[in-house]
$ cat start-v6.txt   # compact mmCIF, C-alpha atoms
# COMPACT_ATOMS: atom_id res chain seq x y z
CA MET A 18 7.23 -3.13 -24.97
CA ARG A 19 10.60 -3.28 -23.26
CA GLY A 20 11.13 -5.46 -20.23
CA LEU A 21 8.41 -4.52 -17.71
CA THR A 22 7.37 -1.28 -19.43
CA VAL A 23 5.18 -0.27 -22.36
CA GLU A 24 5.81 2.85 -24.45
CA VAL A 25 2.75 4.73 -25.75
CA LYS A 26 3.13 7.44 -28.39
CA ASP A 27 1.21 10.73 -28.29
CA PHE A 28 -0.28 9.97 -24.87
CA ALA A 29 -0.70 13.12 -22.76
CA ALA A 30 -1.39 11.65 -19.32
CA PRO A 31 0.28 12.72 -16.04
CA ILE A 32 2.56 10.64 -13.85
CA GLY A 33 0.48 8.26 -11.74
CA ALA A 34 -2.46 8.25 -14.17
CA GLN A 35 -4.47 5.02 -14.26
CA CYS A 36 -4.87 3.64 -17.78
CA ARG A 37 -6.21 0.60 -19.60
CA ILE A 38 -4.71 -1.12 -22.61
CA VAL A 39 -7.32 -2.68 -24.94
CA THR A 40 -5.81 -5.70 -26.69
CA ARG A 41 -6.84 -7.03 -30.07
CA ASN A 42 -8.66 -9.97 -28.52
CA ALA A 43 -10.92 -7.49 -26.63
CA GLY A 44 -9.04 -7.93 -23.36
CA GLU A 45 -8.22 -5.07 -21.00
CA ILE A 46 -5.02 -4.66 -19.01
CA GLY A 47 -4.64 -1.97 -16.36
CA ALA A 48 -1.48 0.16 -16.36
CA GLU A 49 0.03 3.20 -14.68
CA VAL A 50 2.08 6.05 -16.17
CA ILE A 51 5.52 6.04 -14.53
CA GLY A 52 7.50 8.38 -16.83
CA PHE A 53 8.20 9.85 -20.25
CA GLN A 54 10.92 9.43 -22.84
CA GLY A 55 11.01 11.50 -26.01
CA GLY A 56 7.49 11.68 -27.39
CA ALA A 57 6.26 8.57 -25.59
CA ALA A 58 4.71 7.92 -22.19
CA ILE A 59 6.13 4.96 -20.29
CA LEU A 60 3.53 2.73 -18.64
CA MET A 61 3.94 -0.24 -16.34
CA PRO A 62 1.11 -2.82 -16.57
CA LEU A 63 -0.67 -3.78 -13.34
CA SER A 64 -1.22 -7.40 -14.40
CA GLU A 65 0.20 -9.97 -16.82
CA MET A 66 1.21 -8.48 -20.18
CA ASP A 67 0.08 -11.42 -22.31
CA GLY A 68 -1.89 -10.30 -25.37
CA ILE A 69 -0.40 -6.80 -25.75
CA ALA A 70 0.56 -6.05 -29.35
CA SER A 71 1.94 -3.07 -31.27
CA GLY A 72 -0.88 -0.73 -32.26
CA ASP A 73 -3.19 -1.50 -29.31
CA LYS A 74 -5.20 1.46 -28.05
CA VAL A 75 -4.60 2.96 -24.62
CA TYR A 76 -7.13 5.01 -22.63
CA CYS A 77 -6.62 7.20 -19.57
CA VAL A 78 -9.14 6.18 -16.90
CA SER A 79 -8.21 8.51 -14.03
CA GLY A 80 -5.57 11.06 -13.13
CA GLN A 81 -4.71 9.03 -10.02
CA LEU A 82 -5.80 5.90 -8.17
CA LEU A 83 -9.10 6.48 -6.32
CA ILE A 84 -10.16 4.06 -3.59
CA PRO A 85 -13.50 3.74 -1.74
CA MET A 86 -13.68 5.04 1.82
CA GLY A 87 -16.15 4.49 4.62
CA PRO A 88 -16.87 2.57 7.83
CA ASN A 89 -17.81 -0.49 5.74
CA LEU A 90 -14.10 -1.01 5.10
CA LEU A 91 -13.73 -2.44 8.61
CA GLY A 92 -13.39 -6.20 8.56
CA ARG A 93 -12.50 -6.27 4.86
CA VAL A 94 -9.44 -7.42 2.91
CA ILE A 95 -8.56 -5.43 -0.22
CA ASN A 96 -5.73 -5.45 -2.74
CA GLY A 97 -3.28 -2.71 -3.66
CA LYS A 98 -5.80 -1.22 -6.08
CA GLY A 99 -8.53 -0.86 -3.44
CA GLU A 100 -10.56 -3.83 -4.71
CA PRO A 101 -12.06 -6.42 -2.31
CA ILE A 102 -10.47 -9.87 -2.44
CA ASP A 103 -12.18 -11.55 0.53
CA GLY A 104 -15.28 -12.82 -1.29
CA LYS A 105 -17.65 -10.74 0.86
CA GLY A 106 -19.08 -8.73 -2.02
CA PRO A 107 -18.46 -5.16 -3.18
CA LEU A 108 -17.39 -2.35 -0.89
CA LEU A 109 -20.50 -0.31 -0.06
CA CYS A 110 -18.69 3.01 0.24
CA HIS A 111 -19.88 6.21 -1.42
CA VAL A 112 -16.72 8.29 -0.86
CA ARG A 113 -13.59 7.96 -2.98
CA ARG A 114 -10.24 9.45 -2.13
CA GLY A 115 -7.01 9.70 -4.12
CA VAL A 116 -3.99 7.95 -2.69
CA ASP A 117 -1.61 10.83 -3.40
CA THR A 118 -2.97 13.22 -0.79
CA ARG A 119 -0.95 16.03 0.77
CA THR A 120 1.38 15.25 3.64
CA MET A 121 0.56 17.08 6.88
CA GLY A 122 2.82 20.07 7.49
CA ALA A 123 5.41 19.98 10.25
CA LEU A 124 3.63 22.61 12.38
CA GLU A 125 0.21 21.03 11.87
CA ARG A 126 1.21 18.00 13.92
CA VAL A 127 0.51 17.73 17.61
CA ARG A 128 3.23 16.81 20.07
CA ILE A 129 3.49 13.20 21.18
CA ASP A 130 2.42 13.37 24.82
CA ARG A 131 0.07 10.41 25.30
CA ALA A 132 0.91 6.72 25.41
CA ILE A 133 -0.91 4.13 23.34
CA SER A 134 -1.16 0.56 24.59
CA THR A 135 -0.03 -2.17 22.21
CA GLY A 136 -1.43 -4.88 24.48
CA VAL A 137 2.02 -6.53 24.61
CA ARG A 138 3.31 -6.08 28.15
CA SER A 139 7.02 -6.20 27.34
CA ILE A 140 6.63 -3.42 24.74
CA ASP A 141 4.36 -1.28 26.92
CA ALA A 142 6.74 -1.61 29.87
CA MET A 143 10.15 -1.37 28.19
CA MET A 144 9.46 0.56 24.94
CA THR A 145 6.32 2.60 25.58
CA CYS A 146 4.80 3.87 22.32
CA GLY A 147 3.34 7.36 22.02
CA ARG A 148 0.20 8.35 20.15
CA GLY A 149 1.56 9.55 16.80
CA GLN A 150 4.92 7.81 17.10
CA ARG A 151 6.60 5.60 14.49
CA MET A 152 8.34 2.39 15.47
CA GLY A 153 10.30 -0.12 13.40
CA ILE A 154 10.67 -3.86 13.99
CA PHE A 155 13.87 -5.32 12.53
CA SER A 156 14.78 -9.00 12.49
CA GLY A 157 15.58 -11.91 10.25
CA PRO A 158 12.93 -14.07 8.58
CA GLY A 159 10.91 -16.59 10.55
CA VAL A 160 11.43 -15.26 14.08
CA GLY A 161 7.90 -13.94 14.70
CA LYS A 162 7.44 -10.43 13.27
CA SER A 163 4.04 -11.27 11.79
CA VAL A 164 2.94 -13.02 14.99
CA LEU A 165 3.92 -9.92 16.97
CA LEU A 166 1.98 -7.65 14.58
CA GLY A 167 -1.05 -9.92 14.98
CA MET A 168 -0.79 -9.70 18.78
CA ILE A 169 -0.59 -5.91 18.65
CA SER A 170 -3.58 -5.74 16.26
CA ARG A 171 -5.74 -7.88 18.56
CA TYR A 172 -4.91 -6.20 21.86
CA THR A 173 -4.06 -2.57 21.09
CA SER A 174 -6.11 0.25 22.59
CA ALA A 175 -6.47 1.89 19.15
CA ASP A 176 -9.95 2.10 17.63
CA VAL A 177 -8.97 0.97 14.12
CA ASN A 178 -6.11 -1.09 12.67
CA VAL A 179 -4.94 -0.61 9.08
CA ILE A 180 -2.56 -3.40 8.08
CA ALA A 181 -0.57 -3.48 4.83
CA LEU A 182 0.89 -6.87 3.85
CA VAL A 183 3.27 -6.05 1.00
CA GLY A 184 5.33 -8.63 -0.86
CA GLU A 185 4.13 -11.52 1.32
CA ARG A 186 4.01 -15.09 0.08
CA GLY A 187 0.44 -15.93 -0.91
CA ARG A 188 0.16 -18.82 1.55
CA GLU A 189 1.10 -16.60 4.49
CA VAL A 190 -1.76 -14.12 4.02
CA ARG A 191 -4.54 -16.45 5.16
CA GLU A 192 -2.34 -17.67 8.02
CA PHE A 193 -1.87 -14.11 9.26
CA ILE A 194 -5.55 -13.16 8.96
CA GLU A 195 -7.00 -16.33 10.52
CA ARG A 196 -4.30 -17.35 12.99
CA ASP A 197 -2.41 -14.20 14.02
CA LEU A 198 -5.09 -11.52 13.57
CA GLY A 199 -8.19 -13.62 14.32
CA GLU A 200 -11.85 -12.65 14.09
CA GLU A 201 -11.55 -10.21 16.99
CA GLY A 202 -8.71 -8.31 15.36
CA LEU A 203 -10.19 -8.41 11.86
CA SER A 204 -13.52 -6.93 13.00
CA ARG A 205 -11.85 -3.56 13.64
CA SER A 206 -9.18 -3.79 10.95
CA VAL A 207 -8.70 -3.08 7.26
CA VAL A 208 -6.14 -5.37 5.61
CA VAL A 209 -4.42 -4.29 2.37
CA VAL A 210 -2.72 -7.22 0.61
CA SER A 211 -0.27 -7.16 -2.29
CA THR A 212 1.59 -10.45 -2.65
CA SER A 213 5.07 -10.92 -4.07
CA ASP A 214 3.81 -12.10 -7.47
CA GLU A 215 1.94 -8.85 -8.19
CA PRO A 216 3.50 -6.08 -10.34
CA ALA A 217 5.82 -3.62 -8.62
CA PRO A 218 3.49 -0.57 -8.96
CA VAL A 219 0.71 -2.44 -7.14
CA ARG A 220 3.06 -3.34 -4.30
CA VAL A 221 4.19 0.27 -3.94
CA LYS A 222 0.61 1.56 -4.11
CA ALA A 223 -0.44 -0.84 -1.34
CA GLY A 224 1.57 1.21 1.16
CA PHE A 225 -0.04 4.45 0.01
CA VAL A 226 -3.52 2.88 -0.06
CA ALA A 227 -3.06 1.80 3.58
CA SER A 228 -1.84 5.30 4.51
CA THR A 229 -4.84 6.91 2.80
CA ILE A 230 -7.28 4.62 4.63
CA ALA A 231 -5.55 5.39 7.94
CA GLU A 232 -5.84 9.11 7.23
CA TYR A 233 -9.55 8.73 6.48
CA PHE A 234 -10.25 7.13 9.86
CA ARG A 235 -7.98 9.69 11.55
CA ASP A 236 -10.15 12.41 10.03
CA GLN A 237 -13.14 10.67 11.64
CA CYS A 238 -11.48 11.32 15.05
CA LYS A 239 -10.47 7.68 15.52
CA ASP A 240 -7.24 6.44 17.08
CA VAL A 241 -5.62 4.49 14.22
CA LEU A 242 -2.81 1.96 14.33
CA LEU A 243 -1.06 1.65 10.94
CA LEU A 244 1.08 -1.44 10.42
CA MET A 245 3.20 -2.18 7.31
CA ASP A 246 4.86 -5.52 6.65
CA SER A 247 7.21 -4.56 5.23
CA MET A 248 8.88 -1.29 4.23
CA THR A 249 11.80 -3.27 2.83
CA ARG A 250 9.57 -4.93 0.23
CA ILE A 251 8.08 -1.55 -0.75
CA ALA A 252 11.63 -0.27 -1.31
CA MET A 253 12.45 -3.35 -3.40
CA ALA A 254 9.34 -2.81 -5.53
CA GLN A 255 10.30 0.83 -6.16
CA ARG A 256 13.81 -0.29 -7.06
CA GLN A 257 12.27 -2.60 -9.67
CA ILE A 258 10.31 0.33 -11.14
CA GLY A 259 13.37 2.58 -11.13
CA LEU A 260 15.58 0.03 -12.88
CA ALA A 261 12.87 -0.54 -15.51
CA MET A 262 12.87 3.23 -16.10
CA GLY A 263 16.64 3.26 -16.61
CA GLU A 264 17.67 4.83 -13.28
CA PRO A 265 21.23 4.07 -12.20
CA PRO A 266 21.53 1.76 -9.19
CA ALA A 267 23.06 3.57 -6.21
CA THR A 268 23.45 2.43 -2.60
CA LYS A 269 23.13 -1.38 -2.40
CA GLY A 270 21.51 -1.40 -5.82
CA TYR A 271 18.63 0.89 -4.82
CA THR A 272 17.79 3.63 -7.30
CA PRO A 273 17.49 7.35 -6.37
CA SER A 274 13.68 7.20 -6.58
CA VAL A 275 13.66 4.77 -3.63
CA PHE A 276 15.28 7.37 -1.39
CA ALA A 277 12.72 9.93 -2.56
CA LEU A 278 9.77 7.57 -2.01
CA LEU A 279 10.53 6.37 1.50
CA PRO A 280 10.40 9.79 3.23
CA GLN A 281 7.09 10.55 1.46
CA LEU A 282 5.55 7.36 2.81
CA LEU A 283 7.10 7.53 6.29
CA GLU A 284 6.18 11.18 6.84
CA ARG A 285 2.54 10.33 6.10
CA CYS A 286 2.62 7.97 9.07

$ encode --input "start-v6.txt" --output "structure tokens"
Amino acid sequence: MRGLTVEVKDFAAPIGAQCRIVTRNAGEIGAEVIGFQGGAAILMPLSEMDGIASGDKVYCVSGQLLIPMGPNLLGRVINGKGEPIDGKGPLLCHVRRGVDTRTMGALERVRIDRAISTGVRSIDAMMTCGRGQRMGIFSGPGVGKSVLLGMISRYTSADVNVIALVGERGREVREFIERDLGEEGLSRSVVVVSTSDEPAPVRVKAGFVASTIAEYFRDQCKDVLLLMDSMTRIAMAQRQIGLAMGEPPATKGYTPSVFALLPQLLERC
């Protein structure tokens, strides 16, 4: 173990593989393969590393993260691993989809020629959004970004909202769901939550989990509004992974893998 990573010898698993470390006290810790060095695979645990010792066995569970899909996701709150965290029981979905699906080709996309209503008059009048368009909201902390996202989620003309809350403070999640989003907004939304205290791979995966869920509902011919709060925290999580892997810090301390990750995620939108 070195810093945030664990080295496993003679472990032939691909990048992104989901693994479990079985500790000597019969505990299990989830992990993900993030790289290789010499004859060892480098894993980053997806929870606290307490109890890991030299000689513990490691098993490959899946080649990639698979999450449940279906209409029963609406109204639910899940974490960055696709597990329900809202106390409403298991997800009754029979379809599973990998989060690392193919990005749509440039010529497979339709032109943006229809407006979508956000339900916020100043945006609809002054900055009309098109169906299939990306838009960024930039501001300092505490000026109302989350409140604005909640307003858009409640009043948009889209059929389904998929909302990723990445790197949020734990106390702010319930406030957003109950105060900003409300019962009306939650009933047609899927909320993916990965708070700031969770490991960096889980925070990065939360963005891809939200994208995969949005793509599923898109494939069901639904108009989908995908919201991420925030891309900055996803970039910071990837920087943490890159530094743990030994990547050199580049622009503003961000590692090269950050600049490779962001286009992958943004193009999926």

$ atom_distance --input "start-v6.txt" --atom1 "CA of Leu283 (chain A)" --atom2 "CA of Arg151 (chain A)"
8.4 Å

$ residues_near_point --input "start-v6.txt" --point "(-12.6, 0.5, 9.4)" --cutoff "6 Å" --atoms "only C-alpha atoms" --output "PDB file with C-alpha atoms, keeping the file's coordinate frame"
ATOM      1  CA  PRO A  88     -16.870   2.570   7.830  1.00  0.00           C
ATOM      2  CA  LEU A  90     -14.100  -1.010   5.100  1.00  0.00           C
ATOM      3  CA  LEU A  91     -13.730  -2.440   8.610  1.00  0.00           C
ATOM      4  CA  VAL A 177      -8.970   0.970  14.120  1.00  0.00           C
ATOM      5  CA  ARG A 205     -11.850  -3.560  13.640  1.00  0.00           C
ATOM      6  CA  SER A 206      -9.180  -3.790  10.950  1.00  0.00           C
ATOM      7  CA  VAL A 207      -8.700  -3.080   7.260  1.00  0.00           C
TER       8      VAL A 207
END

$ closest_residue --input "start-v6.txt" --among "A:Ala29, A:Leu165, A:Val23, A:Met86" --to "Asp236 (chain A)" --atoms "only C-alpha atoms"
A:Met86

$ atom_distance --input "start-v6.txt" --atom1 "CA of Ile69 (chain A)" --atom2 "CA of Pro216 (chain A)"
15.9 Å

$ atom_distance --input "start-v6.txt" --atom1 "CA of Gln150 (chain A)" --atom2 "CA of Val164 (chain A)"
21.0 Å

$ residues_around --input "start-v6.txt" --residues "Gly68 (chain A)" --least-positions-apart "2" --cutoff "9 Å" --atoms "all atoms listed in the file" --output "list of chain:residue names"
A:Thr40, A:Arg41, A:Asn42, A:Gly44, A:Glu65, A:Met66, A:Ala70

$ residues_around --input "start-v6.txt" --residues "Ile169 (chain A)" --least-positions-apart "2" --cutoff "10 Å" --atoms "all atoms listed in the file" --output "PyMOL selection string"
chain A and resi 134-137+140+163-167+171-175+178+197-198+202+242+244

$ residues_around --input "start-v6.txt" --residues "Val112 (chain A)" --least-positions-apart "2" --cutoff "7 Å" --atoms "only C-alpha atoms" --output "list in words"
Pro85, Met86, Gly87, Cys110 and Arg114 of chain A

$ residues_near_point --input "start-v6.txt" --point "(-0.4, -3.3, 6.0)" --cutoff "9 Å" --atoms "all atoms listed in the file" --output "list in words"
Val179, Ile180, Ala181, Leu182, Val183, Val207, Val208, Val209, Val210, Ala223, Gly224, Ala227, Ser228, Leu243, Leu244, Met245, Asp246 and Ser247 of chain A

$ residues_around --input "start-v6.txt" --residues "Ile84 (chain A)" --least-positions-apart "5" --cutoff "8 Å" --atoms "only C-alpha atoms" --output "VMD selection string"
chain A and resid 98 to 100 113 to 116 226

$ closest_residue --input "start-v6.txt" --among "A:Glu200, A:Ile194, A:Gly184, A:Asn89" --to "Ala252 (chain A)" --atoms "only C-alpha atoms"
A:Gly184

$ residues_around --input "start-v6.txt" --residues "Glu49 (chain A)" --least-positions-apart "6" --cutoff "10 Å" --atoms "only C-alpha atoms" --output "count of residues only"
23

$ axis_aligned_box --input "start-v6.txt" --around "region 102-114 of chain A" --padding-each-side "4 Å" --output "JSON"
{"center_x": -15.4, "center_y": -1.7, "center_z": -1.2, "size_x": 18.3, "size_y": 30.3, "size_z": 12.0}

$ closest_residue --input "start-v6.txt" --among "A:Ser71, A:Thr120, A:Gln281, A:Asn96" --to "Val190 (chain A)" --atoms "all atoms listed in the file"
A:Asn96

$ build_atoms --input "start-v6.txt" --residues "region 221-241 of chain A" --atoms "N, CA, C and O atoms" --output "PDB file, in the coordinates of the input"
ATOM      1  N   VAL A 221       3.893  -1.067  -4.477  1.00  0.00           N
ATOM      2  CA  VAL A 221       4.190   0.270  -3.940  1.00  0.00           C
ATOM      3  C   VAL A 221       2.903   0.973  -3.539  1.00  0.00           C
ATOM      4  O   VAL A 221       2.811   1.583  -2.462  1.00  0.00           O
ATOM      5  N   LYS A 222       1.875   0.888  -4.393  1.00  0.00           N
ATOM      6  CA  LYS A 222       0.610   1.560  -4.110  1.00  0.00           C
ATOM      7  C   LYS A 222      -0.045   1.021  -2.846  1.00  0.00           C
ATOM      8  O   LYS A 222      -0.767   1.743  -2.158  1.00  0.00           O
ATOM      9  N   ALA A 223       0.191  -0.250  -2.525  1.00  0.00           N
ATOM     10  CA  ALA A 223      -0.440  -0.840  -1.340  1.00  0.00           C
ATOM     11  C   ALA A 223      -0.078  -0.046  -0.088  1.00  0.00           C
ATOM     12  O   ALA A 223      -0.917   0.163   0.801  1.00  0.00           O
ATOM     13  N   GLY A 224       1.175   0.406   0.010  1.00  0.00           N
ATOM     14  CA  GLY A 224       1.570   1.210   1.160  1.00  0.00           C
ATOM     15  C   GLY A 224       0.839   2.539   1.210  1.00  0.00           C
ATOM     16  O   GLY A 224       0.414   2.988   2.283  1.00  0.00           O
ATOM     17  N   PHE A 225       0.656   3.171   0.051  1.00  0.00           N
ATOM     18  CA  PHE A 225      -0.040   4.450   0.010  1.00  0.00           C
ATOM     19  C   PHE A 225      -1.543   4.277   0.200  1.00  0.00           C
ATOM     20  O   PHE A 225      -2.205   5.150   0.778  1.00  0.00           O
ATOM     21  N   VAL A 226      -2.099   3.164  -0.291  1.00  0.00           N
ATOM     22  CA  VAL A 226      -3.520   2.880  -0.060  1.00  0.00           C
ATOM     23  C   VAL A 226      -3.780   2.732   1.442  1.00  0.00           C
ATOM     24  O   VAL A 226      -4.736   3.289   1.991  1.00  0.00           O
ATOM     25  N   ALA A 227      -2.903   1.972   2.131  1.00  0.00           N
ATOM     26  CA  ALA A 227      -3.060   1.800   3.580  1.00  0.00           C
ATOM     27  C   ALA A 227      -2.944   3.140   4.298  1.00  0.00           C
ATOM     28  O   ALA A 227      -3.712   3.432   5.225  1.00  0.00           O
ATOM     29  N   SER A 228      -1.994   3.986   3.880  1.00  0.00           N
ATOM     30  CA  SER A 228      -1.840   5.300   4.510  1.00  0.00           C
ATOM     31  C   SER A 228      -3.077   6.160   4.305  1.00  0.00           C
ATOM     32  O   SER A 228      -3.525   6.858   5.220  1.00  0.00           O
ATOM     33  N   THR A 229      -3.648   6.111   3.095  1.00  0.00           N
ATOM     34  CA  THR A 229      -4.840   6.910   2.800  1.00  0.00           C
ATOM     35  C   THR A 229      -6.028   6.452   3.636  1.00  0.00           C
ATOM     36  O   THR A 229      -6.801   7.284   4.143  1.00  0.00           O
ATOM     37  N   ILE A 230      -6.182   5.144   3.801  1.00  0.00           N
ATOM     38  CA  ILE A 230      -7.280   4.620   4.630  1.00  0.00           C
ATOM     39  C   ILE A 230      -7.078   5.041   6.085  1.00  0.00           C
ATOM     40  O   ILE A 230      -8.027   5.443   6.774  1.00  0.00           O
ATOM     41  N   ALA A 231      -5.828   4.964   6.567  1.00  0.00           N
ATOM     42  CA  ALA A 231      -5.550   5.390   7.940  1.00  0.00           C
ATOM     43  C   ALA A 231      -5.870   6.866   8.130  1.00  0.00           C
ATOM     44  O   ALA A 231      -6.428   7.277   9.161  1.00  0.00           O
ATOM     45  N   GLU A 232      -5.542   7.681   7.136  1.00  0.00           N
ATOM     46  CA  GLU A 232      -5.840   9.110   7.230  1.00  0.00           C
ATOM     47  C   GLU A 232      -7.344   9.374   7.235  1.00  0.00           C
ATOM     48  O   GLU A 232      -7.814  10.294   7.909  1.00  0.00           O
ATOM     49  N   TYR A 233      -8.093   8.559   6.487  1.00  0.00           N
ATOM     50  CA  TYR A 233      -9.550   8.730   6.480  1.00  0.00           C
ATOM     51  C   TYR A 233     -10.125   8.497   7.882  1.00  0.00           C
ATOM     52  O   TYR A 233     -10.914   9.310   8.390  1.00  0.00           O
ATOM     53  N   PHE A 234      -9.728   7.408   8.518  1.00  0.00           N
ATOM     54  CA  PHE A 234     -10.250   7.130   9.860  1.00  0.00           C
ATOM     55  C   PHE A 234      -9.713   8.134  10.883  1.00  0.00           C
ATOM     56  O   PHE A 234     -10.404   8.466  11.848  1.00  0.00           O
ATOM     57  N   ARG A 235      -8.496   8.631  10.679  1.00  0.00           N
ATOM     58  CA  ARG A 235      -7.980   9.690  11.550  1.00  0.00           C
ATOM     59  C   ARG A 235      -8.862  10.933  11.450  1.00  0.00           C
ATOM     60  O   ARG A 235      -9.171  11.579  12.455  1.00  0.00           O
ATOM     61  N   ASP A 236      -9.288  11.249  10.220  1.00  0.00           N
ATOM     62  CA  ASP A 236     -10.150  12.410  10.030  1.00  0.00           C
ATOM     63  C   ASP A 236     -11.528  12.220  10.662  1.00  0.00           C
ATOM     64  O   ASP A 236     -12.251  13.199  10.881  1.00  0.00           O
ATOM     65  N   GLN A 237     -11.892  10.964  10.940  1.00  0.00           N
ATOM     66  CA  GLN A 237     -13.140  10.670  11.640  1.00  0.00           C
ATOM     67  C   GLN A 237     -12.945  10.667  13.156  1.00  0.00           C
ATOM     68  O   GLN A 237     -13.794  10.172  13.910  1.00  0.00           O
ATOM     69  N   CYS A 238     -11.806  11.204  13.615  1.00  0.00           N
ATOM     70  CA  CYS A 238     -11.480  11.320  15.050  1.00  0.00           C
ATOM     71  C   CYS A 238     -11.296   9.958  15.718  1.00  0.00           C
ATOM     72  O   CYS A 238     -11.621   9.779  16.896  1.00  0.00           O
ATOM     73  N   LYS A 239     -10.781   8.999  14.973  1.00  0.00           N
ATOM     74  CA  LYS A 239     -10.470   7.680  15.520  1.00  0.00           C
ATOM     75  C   LYS A 239      -8.971   7.597  15.825  1.00  0.00           C
ATOM     76  O   LYS A 239      -8.146   8.211  15.146  1.00  0.00           O
ATOM     77  N   ASP A 240      -8.632   6.806  16.849  1.00  0.00           N
ATOM     78  CA  ASP A 240      -7.240   6.440  17.080  1.00  0.00           C
ATOM     79  C   ASP A 240      -6.910   5.281  16.134  1.00  0.00           C
ATOM     80  O   ASP A 240      -7.561   4.235  16.194  1.00  0.00           O
ATOM     81  N   VAL A 241      -5.918   5.466  15.275  1.00  0.00           N
ATOM     82  CA  VAL A 241      -5.620   4.490  14.220  1.00  0.00           C
ATOM     83  C   VAL A 241      -4.219   3.938  14.410  1.00  0.00           C
ATOM     84  O   VAL A 241      -3.263   4.690  14.629  1.00  0.00           O
TER      85      VAL A 241
END
